[in-house]
>>> print(open('data-v9.csv').read())   # CSV, C-alpha atoms
chain,number,residue,atom,x,y,z
A,26,MET,CA,0.0,0.0,0.0
A,27,THR,CA,1.4,3.4,-1.0
A,28,LEU,CA,1.6,5.9,1.8
A,29,GLU,CA,-0.6,9.0,1.5
A,30,ARG,CA,0.6,12.5,2.2
A,31,ALA,CA,-1.1,12.5,5.6
A,32,ASP,CA,0.8,9.3,6.5
A,33,ARG,CA,4.2,10.8,5.6
A,34,LEU,CA,3.3,14.0,7.6
A,35,ARG,CA,2.8,11.9,10.7
A,36,VAL,CA,6.2,10.2,10.2
A,37,LEU,CA,7.8,13.7,9.6
A,38,ALA,CA,6.2,15.1,12.8
A,39,ARG,CA,7.7,12.2,14.8
A,40,LEU,CA,11.1,12.6,13.2
A,41,LEU,CA,11.3,16.1,14.5
A,42,PHE,CA,11.9,14.5,17.9
A,43,ILE,CA,14.4,11.8,16.7
A,44,GLN,CA,17.0,13.0,19.2
A,45,ALA,CA,14.7,13.1,22.2
A,46,THR,CA,15.7,9.5,23.1
A,47,LEU,CA,19.3,9.6,21.9
A,48,HIS,CA,21.5,7.1,23.7
A,49,ARG,CA,25.0,5.7,23.4
A,50,LYS,CA,24.2,2.1,22.4
A,51,GLY,CA,21.6,2.6,19.6
A,52,MET,CA,21.9,6.4,19.1
A,53,GLN,CA,18.8,7.5,17.2
A,54,ASN,CA,17.2,4.0,16.8
A,55,ILE,CA,14.3,4.6,19.3
A,56,GLY,CA,13.4,7.8,17.4
A,57,VAL,CA,13.4,6.0,14.1
A,58,MET,CA,11.2,3.2,15.4
A,59,HIS,CA,8.8,5.7,16.9
A,60,ALA,CA,8.6,7.4,13.4
A,61,LEU,CA,8.1,4.0,11.6
A,62,ASP,CA,5.5,3.0,14.2
A,63,ALA,CA,3.2,5.7,12.9
A,64,VAL,CA,2.7,3.9,9.6
A,65,ALA,CA,4.0,0.3,10.3
A,66,PRO,CA,0.5,-1.4,9.9
A,67,LYS,CA,0.2,0.2,6.4
A,68,VAL,CA,3.7,-0.6,5.3
A,69,SER,CA,3.9,-4.2,6.4
A,70,ARG,CA,1.6,-7.1,7.3
A,71,ASP,CA,4.0,-7.7,10.2
A,72,PRO,CA,4.4,-4.3,11.9
A,73,ILE,CA,6.0,-5.8,15.0
A,74,GLY,CA,8.6,-7.5,12.8
A,75,LEU,CA,9.2,-4.3,10.9
A,76,LEU,CA,10.0,-2.4,14.0
A,77,ALA,CA,12.2,-5.3,15.3
A,78,ARG,CA,14.3,-5.1,12.1
A,79,HIS,CA,15.0,-1.4,12.9
A,80,ALA,CA,15.9,-1.7,16.6
A,81,ASP,CA,19.6,-1.8,15.8
A,82,HIS,CA,22.0,1.1,15.8
A,83,PHE,CA,21.1,4.2,13.7
A,84,ASN,CA,23.1,7.3,13.6
A,85,THR,CA,23.2,10.1,11.0
A,86,ASN,CA,22.8,13.9,10.9
A,87,PRO,CA,19.3,14.5,12.3
A,88,ASN,CA,18.4,16.8,9.4
A,89,ALA,CA,19.3,14.0,6.9
A,90,ALA,CA,17.5,11.2,8.9
A,91,PRO,CA,14.2,11.8,7.0
A,92,ILE,CA,15.9,10.8,3.7
A,93,VAL,CA,17.0,7.5,5.2
A,94,VAL,CA,13.6,6.9,6.8
A,95,GLY,CA,11.9,7.6,3.6
A,96,GLY,CA,14.1,5.1,1.8
A,97,ILE,CA,13.3,2.5,4.5
A,98,LEU,CA,9.6,3.0,4.1
A,99,ARG,CA,9.8,2.5,0.3
A,100,ILE,CA,12.0,-0.6,0.7
A,101,GLU,CA,9.7,-2.1,3.4
A,102,GLU,CA,6.7,-1.6,1.1
A,103,GLY,CA,8.4,-3.5,-1.7
A,104,GLY,CA,9.6,-6.3,0.4
A,105,SER,CA,13.0,-8.1,0.1
A,106,ALA,CA,12.3,-9.8,-3.3
A,107,GLY,CA,15.0,-8.7,-5.8
A,108,ALA,CA,16.7,-6.4,-3.3
A,109,PRO,CA,20.3,-5.6,-4.1
A,110,ALA,CA,21.3,-5.9,-0.5
A,111,SER,CA,19.9,-6.3,3.0
A,112,ILE,CA,18.1,-3.3,4.5
A,113,GLU,CA,20.7,-3.2,7.2
A,114,ARG,CA,23.4,-2.6,4.6
A,115,PHE,CA,21.2,0.1,3.0
A,116,LYS,CA,20.9,1.9,6.4
A,117,GLN,CA,24.6,1.7,7.0
A,118,ALA,CA,25.5,3.1,3.6
A,119,ALA,CA,22.8,5.8,3.6
A,120,CYS,CA,23.5,6.9,7.2
A,121,SER,CA,27.3,7.2,6.5
A,122,ALA,CA,26.9,9.1,3.2
A,123,LEU,CA,24.2,11.5,4.6
A,124,ALA,CA,26.0,12.1,8.0
A,125,ALA,CA,28.9,13.7,6.3
A,126,MET,CA,26.8,15.7,3.8
A,127,GLY,CA,24.4,16.9,6.6
A,128,ASP,CA,27.3,18.0,8.8
A,129,VAL,CA,28.9,20.0,6.0
A,130,MET,CA,25.6,21.5,4.7
A,131,VAL,CA,24.0,22.4,8.0
A,132,VAL,CA,26.8,22.6,10.7
A,133,GLY,CA,29.5,23.8,8.3
A,134,GLY,CA,27.4,25.9,5.9
A,135,LEU,CA,23.8,27.0,6.9
A,136,LYS,CA,24.4,27.5,10.6
A,137,PRO,CA,27.6,29.7,10.3
A,138,LEU,CA,25.9,31.7,7.6
A,139,ALA,CA,22.9,32.3,9.8
A,140,LEU,CA,25.0,33.1,12.9
A,141,THR,CA,27.2,35.5,11.0
A,142,LEU,CA,24.1,37.4,9.6
A,143,ALA,CA,22.7,37.4,13.1
A,144,VAL,CA,25.9,38.9,14.6
A,145,VAL,CA,26.0,41.6,11.9
A,146,SER,CA,22.4,42.4,12.6
A,147,ALA,CA,23.1,42.7,16.3
A,148,ILE,CA,26.1,45.0,15.6
A,149,TYR,CA,23.9,47.4,13.7
A,150,SER,CA,21.0,47.0,16.1
A,151,PHE,CA,18.8,45.6,13.3
A,152,PHE,CA,16.2,43.7,15.4
A,153,ALA,CA,14.0,42.8,12.4
A,154,GLY,CA,17.0,41.2,10.8
A,155,LEU,CA,17.6,39.0,13.8
A,156,VAL,CA,14.0,37.8,13.8
A,157,ALA,CA,14.0,37.2,10.1
A,158,ILE,CA,17.2,35.1,10.3
A,159,VAL,CA,15.8,32.9,13.1
A,160,VAL,CA,12.6,32.4,11.2
A,161,LEU,CA,14.3,31.7,7.9
A,162,TYR,CA,16.8,29.3,9.5
A,163,ASN,CA,14.2,27.2,11.1
A,164,VAL,CA,11.9,27.3,8.0
A,165,ALA,CA,14.9,26.1,5.9
A,166,LEU,CA,15.6,23.2,8.3
A,167,LEU,CA,11.9,22.1,8.4
A,168,ALA,CA,11.5,22.4,4.6
A,169,GLY,CA,14.7,20.4,4.1
A,170,ARG,CA,13.4,17.6,6.4
A,171,ALA,CA,10.1,17.5,4.6
A,172,TRP,CA,11.7,17.4,1.2
A,173,GLY,CA,14.1,14.7,2.5
A,174,LEU,CA,11.4,12.3,3.6
A,175,SER,CA,9.6,12.7,0.2
A,176,PHE,CA,12.8,12.3,-1.7
A,177,GLY,CA,13.8,9.2,0.2
A,178,TYR,CA,10.4,7.6,-0.2
A,179,ALA,CA,10.5,8.2,-3.9
A,180,ARG,CA,14.0,6.9,-4.4
A,181,GLY,CA,14.2,3.9,-2.1
A,182,TRP,CA,17.4,1.9,-2.9
A,183,GLY,CA,18.6,4.9,-5.0
A,184,VAL,CA,19.2,7.1,-2.0
A,185,VAL,CA,22.8,6.1,-1.6
A,186,ASP,CA,23.7,6.6,-5.3
A,187,ALA,CA,21.9,10.0,-5.3
A,188,PHE,CA,24.1,11.3,-2.5
A,189,THR,CA,27.5,9.9,-3.5
A,190,GLY,CA,27.8,11.5,-7.0
A,191,PRO,CA,29.8,14.5,-8.2
A,192,ARG,CA,26.7,16.8,-8.1
A,193,VAL,CA,26.5,16.4,-4.3
A,194,GLN,CA,30.2,17.2,-4.0
A,195,ARG,CA,29.6,20.5,-5.9
A,196,VAL,CA,26.8,21.4,-3.5
A,197,VAL,CA,29.1,20.6,-0.5
A,198,MET,CA,31.8,22.9,-2.0
A,199,ILE,CA,29.3,25.7,-2.4
A,200,ALA,CA,28.2,25.4,1.2
A,201,ARG,CA,31.8,25.6,2.3
A,202,VAL,CA,32.4,28.7,0.2
A,203,LEU,CA,29.3,30.4,1.6
A,204,ALA,CA,30.5,29.7,5.2
A,205,ALA,CA,33.9,31.1,4.4
A,206,LEU,CA,32.3,34.1,2.7
A,207,ALA,CA,30.2,34.7,5.8
A,208,GLY,CA,33.3,34.6,8.0
A,209,GLY,CA,35.0,37.1,5.8
A,210,VAL,CA,32.0,39.4,5.9
A,211,LEU,CA,32.0,39.2,9.7
A,212,ILE,CA,35.7,40.0,9.9
A,213,ALA,CA,35.2,43.0,7.6
A,214,VAL,CA,32.3,44.3,9.7
A,215,LEU,CA,34.3,43.9,12.9
A,216,ALA,CA,37.4,45.5,11.4
A,217,ARG,CA,35.4,48.5,10.2
A,218,ALA,CA,33.9,48.9,13.7
A,219,ALA,CA,37.4,48.6,15.3
A,220,PHE,CA,38.9,51.1,12.9
A,221,THR,CA,36.3,53.7,13.9
A,222,GLU,CA,37.4,53.2,17.5
A,223,GLY,CA,41.1,53.7,16.8
A,224,ILE,CA,44.2,51.9,15.8
A,225,ALA,CA,44.6,50.2,19.1
A,226,HIS,CA,41.2,48.4,18.7
A,227,LEU,CA,42.1,47.4,15.1
A,228,ALA,CA,45.4,46.0,16.2
A,229,LEU,CA,43.7,44.0,19.0
A,230,LEU,CA,41.3,42.6,16.4
A,231,ALA,CA,44.1,41.6,14.1
A,232,VAL,CA,46.1,39.9,16.9
A,233,ALA,CA,43.0,38.0,18.1
A,234,THR,CA,42.1,36.9,14.5
A,235,ALA,CA,45.7,35.7,13.9
A,236,LEU,CA,45.8,33.7,17.2
A,237,ALA,CA,42.4,32.1,16.5
A,238,TRP,CA,43.6,31.1,13.0
A,239,LEU,CA,46.8,29.6,14.4
A,240,ALA,CA,44.8,27.7,17.0
A,241,ILE,CA,42.5,26.2,14.4
A,242,ARG,CA,45.4,25.3,12.2
A,243,ARG,CA,46.9,23.4,15.1
A,244,GLY,CA,43.7,21.3,15.4
A,245,TRP,CA,41.6,23.2,17.9
A,246,ASN,CA,37.8,22.8,17.4
A,247,PRO,CA,36.5,26.2,16.2
A,248,ALA,CA,33.2,25.9,18.1
A,249,ARG,CA,35.0,25.0,21.4
A,250,LEU,CA,37.5,27.8,20.8
A,251,ALA,CA,34.7,30.3,20.5
A,252,ILE,CA,33.0,29.0,23.6
A,253,ALA,CA,36.2,29.2,25.6
A,254,LEU,CA,37.0,32.7,24.4
A,255,PHE,CA,33.5,34.1,25.0
A,256,PRO,CA,34.1,35.1,28.7
A,257,LEU,CA,37.4,36.8,27.8
A,258,VAL,CA,35.6,38.7,25.0
A,259,VAL,CA,33.0,39.9,27.5
A,260,VAL,CA,35.7,41.1,30.0
A,261,VAL,CA,37.6,42.9,27.2
A,262,ALA,CA,34.4,44.5,25.9
A,263,VAL,CA,33.6,45.8,29.4
A,264,LEU,CA,37.1,47.1,30.1
A,265,VAL,CA,37.5,49.0,26.8
A,266,LYS,CA,34.0,50.4,26.7
>>> encode(input="data-v9.csv", output="structure tokens")
Amino acid sequence: MTLERADRLRVLARLLFIQATLHRKGMQNIGVMHALDAVAPKVSRDPIGLLARHADHFNTNPNAAPIVVGGILRIEEGGSAGAPASIERFKQAACSALAAMGDVMVVGGLKPLALTLAVVSAIYSFFAGLVAIVVLYNVALLAGRAWGLSFGYARGWGVVDAFTGPRVQRVVMIARVLAALAGGVLIAVLARAAFTEGIAHLALLAVATALAWLAIRRGWNPARLAIALFPLVVVVAVLVK
């Protein structure tokens, strides 16, 4: 039986909470089973067996998980006859390919871009811009998850091939370029603000940027570095105000 739009929406709604039961042994498997349970009786004559098949380890980028789940639903509908591999192999391959892509696209691309625009909006006291960025960021994530579920459901076994080709690599490269561009824009805005305060502020910004760049080159995690330096930034801002 082909799932209707309302059925897929129920699965999507449950996938929004896929990390609510995240645990070390199975990672996101409980969240996946919870999503599959919404339509299990329609997908299989043995819904309990279907859920049991997906009780094993599942881990990928949460924004990409709907693509894998959509593929699972399509495969379970068709049964195992003529399958190129086991559904366990499909999940492993799809989760691996989409974990890297999701991390680069969202964590390495969309999130830095949104945060940079938010910081620039805050610097210029543009409150409407801050609100718009928060709304657009979340709308983009929700739209991406909805599209992913539909795409995975339409492709089934073809999900892995769809996300391992050269076209995907170009999209990943664009995401990285946008993130780098956002960082450059932020540095330019901060440099302009520092220049208006005087040469001393501009020199301080240059030294801080150089030290941060060297730390990242030596293997420091950029996110952890930013968190560690935040208290120092607050103290310096209060002292030089």
>>> atom_distance(input="data-v9.csv", atom1="CA of Asp62 in chain A", atom2="CA of Arg170 in chain A")
18.3 Å
>>> residues_around(input="data-v9.csv", residues="range 48-57 of chain A", least_positions_apart="4", cutoff="12 Å", atoms="only C-alpha atoms", output="ChimeraX atom specification")
/A:36-44,61-65,75-87,90-95,97-98,116,120
>>> closest_residue(input="data-v9.csv", among="A:Ala124, A:Gly103, A:Ala233, A:Leu174", to="Ala60 in chain A", atoms="only C-alpha atoms")
A:Leu174
>>> atom_distance(input="data-v9.csv", atom1="CA of Val68 in chain A", atom2="CA of Asp32 in chain A")
10.4 Å
>>> atom_distance(input="data-v9.csv", atom1="CA of Ile158 in chain A", atom2="CA of Asn88 in chain A")
18.4 Å
>>> residues_near_point(input="data-v9.csv", point="(4.2, 8.2, -0.4)", cutoff="8 Å", atoms="all atoms listed in the file", output="PyMOL selection string")
chain A and resi 27-30+32-33+175+178-179
>>> write_last_selection(input="data-v9.csv", atoms="C-alpha atoms", output="PDB file, in the frame of the given file")
ATOM      1  CA  THR A  27       1.400   3.400  -1.000  1.00  0.00           C
ATOM      2  CA  LEU A  28       1.600   5.900   1.800  1.00  0.00           C
ATOM      3  CA  GLU A  29      -0.600   9.000   1.500  1.00  0.00           C
ATOM      4  CA  ARG A  30       0.600  12.500   2.200  1.00  0.00           C
ATOM      5  CA  ASP A  32       0.800   9.300   6.500  1.00  0.00           C
ATOM      6  CA  ARG A  33       4.200  10.800   5.600  1.00  0.00           C
ATOM      7  CA  SER A 175       9.600  12.700   0.200  1.00  0.00           C
ATOM      8  CA  TYR A 178      10.400   7.600  -0.200  1.00  0.00           C
ATOM      9  CA  ALA A 179      10.500   8.200  -3.900  1.00  0.00           C
TER      10      ALA A 179
END
>>> closest_residue(input="data-v9.csv", among="A:Asp128, A:Gly173, A:Ala237, A:Ala118", to="Leu34 in chain A", atoms="all atoms listed in the file")
A:Gly173
>>> residues_around(input="data-v9.csv", residues="Ala122 in chain A", least_positions_apart="5", cutoff="10 Å", atoms="all atoms listed in the file", output="JSON, numbers by chain")
{"A": [85, 86, 89, 116, 117, 127, 184, 185, 186, 187, 188, 189]}
>>> decode(input="data-v9.csv", residues="range 97-134 of chain A", atoms="C-alpha atoms", output="PDB file, in the first residue's frame")
ATOM      1  CA  ILE A  97      13.316   2.532   4.529  1.00  0.00           C
ATOM      2  CA  LEU A  98       9.578   2.992   4.073  1.00  0.00           C
ATOM      3  CA  ARG A  99       9.810   2.490   0.306  1.00  0.00           C
ATOM      4  CA  ILE A 100      11.987  -0.625   0.711  1.00  0.00           C
ATOM      5  CA  GLU A 101       9.729  -2.135   3.370  1.00  0.00           C
ATOM      6  CA  GLU A 102       6.710  -1.604   1.133  1.00  0.00           C
ATOM      7  CA  GLY A 103       8.353  -3.468  -1.719  1.00  0.00           C
ATOM      8  CA  GLY A 104       9.599  -6.343   0.422  1.00  0.00           C
ATOM      9  CA  SER A 105      12.957  -8.068   0.092  1.00  0.00           C
ATOM     10  CA  ALA A 106      12.339  -9.766  -3.263  1.00  0.00           C
ATOM     11  CA  GLY A 107      14.957  -8.683  -5.792  1.00  0.00           C
ATOM     12  CA  ALA A 108      16.676  -6.427  -3.254  1.00  0.00           C
ATOM     13  CA  PRO A 109      20.310  -5.578  -4.133  1.00  0.00           C
ATOM     14  CA  ALA A 110      21.335  -5.916  -0.471  1.00  0.00           C
ATOM     15  CA  SER A 111      19.884  -6.259   2.998  1.00  0.00           C
ATOM     16  CA  ILE A 112      18.065  -3.297   4.472  1.00  0.00           C
ATOM     17  CA  GLU A 113      20.711  -3.218   7.212  1.00  0.00           C
ATOM     18  CA  ARG A 114      23.383  -2.601   4.561  1.00  0.00           C
ATOM     19  CA  PHE A 115      21.200   0.102   3.040  1.00  0.00           C
ATOM     20  CA  LYS A 116      20.879   1.901   6.365  1.00  0.00           C
ATOM     21  CA  GLN A 117      24.601   1.711   7.049  1.00  0.00           C
ATOM     22  CA  ALA A 118      25.526   3.084   3.611  1.00  0.00           C
ATOM     23  CA  ALA A 119      22.830   5.787   3.596  1.00  0.00           C
ATOM     24  CA  CYS A 120      23.531   6.939   7.168  1.00  0.00           C
ATOM     25  CA  SER A 121      27.256   7.161   6.463  1.00  0.00           C
ATOM     26  CA  ALA A 122      26.863   9.130   3.220  1.00  0.00           C
ATOM     27  CA  LEU A 123      24.248  11.506   4.626  1.00  0.00           C
ATOM     28  CA  ALA A 124      25.972  12.087   7.973  1.00  0.00           C
ATOM     29  CA  ALA A 125      28.946  13.733   6.286  1.00  0.00           C
ATOM     30  CA  MET A 126      26.789  15.673   3.844  1.00  0.00           C
ATOM     31  CA  GLY A 127      24.410  16.878   6.559  1.00  0.00           C
ATOM     32  CA  ASP A 128      27.260  18.000   8.798  1.00  0.00           C
ATOM     33  CA  VAL A 129      28.851  20.023   6.006  1.00  0.00           C
ATOM     34  CA  MET A 130      25.600  21.502   4.696  1.00  0.00           C
ATOM     35  CA  VAL A 131      24.013  22.446   8.039  1.00  0.00           C
ATOM     36  CA  VAL A 132      26.778  22.618  10.660  1.00  0.00           C
ATOM     37  CA  GLY A 133      29.458  23.831   8.264  1.00  0.00           C
ATOM     38  CA  GLY A 134      27.352  25.927   5.913  1.00  0.00           C
TER      39      GLY A 134
END
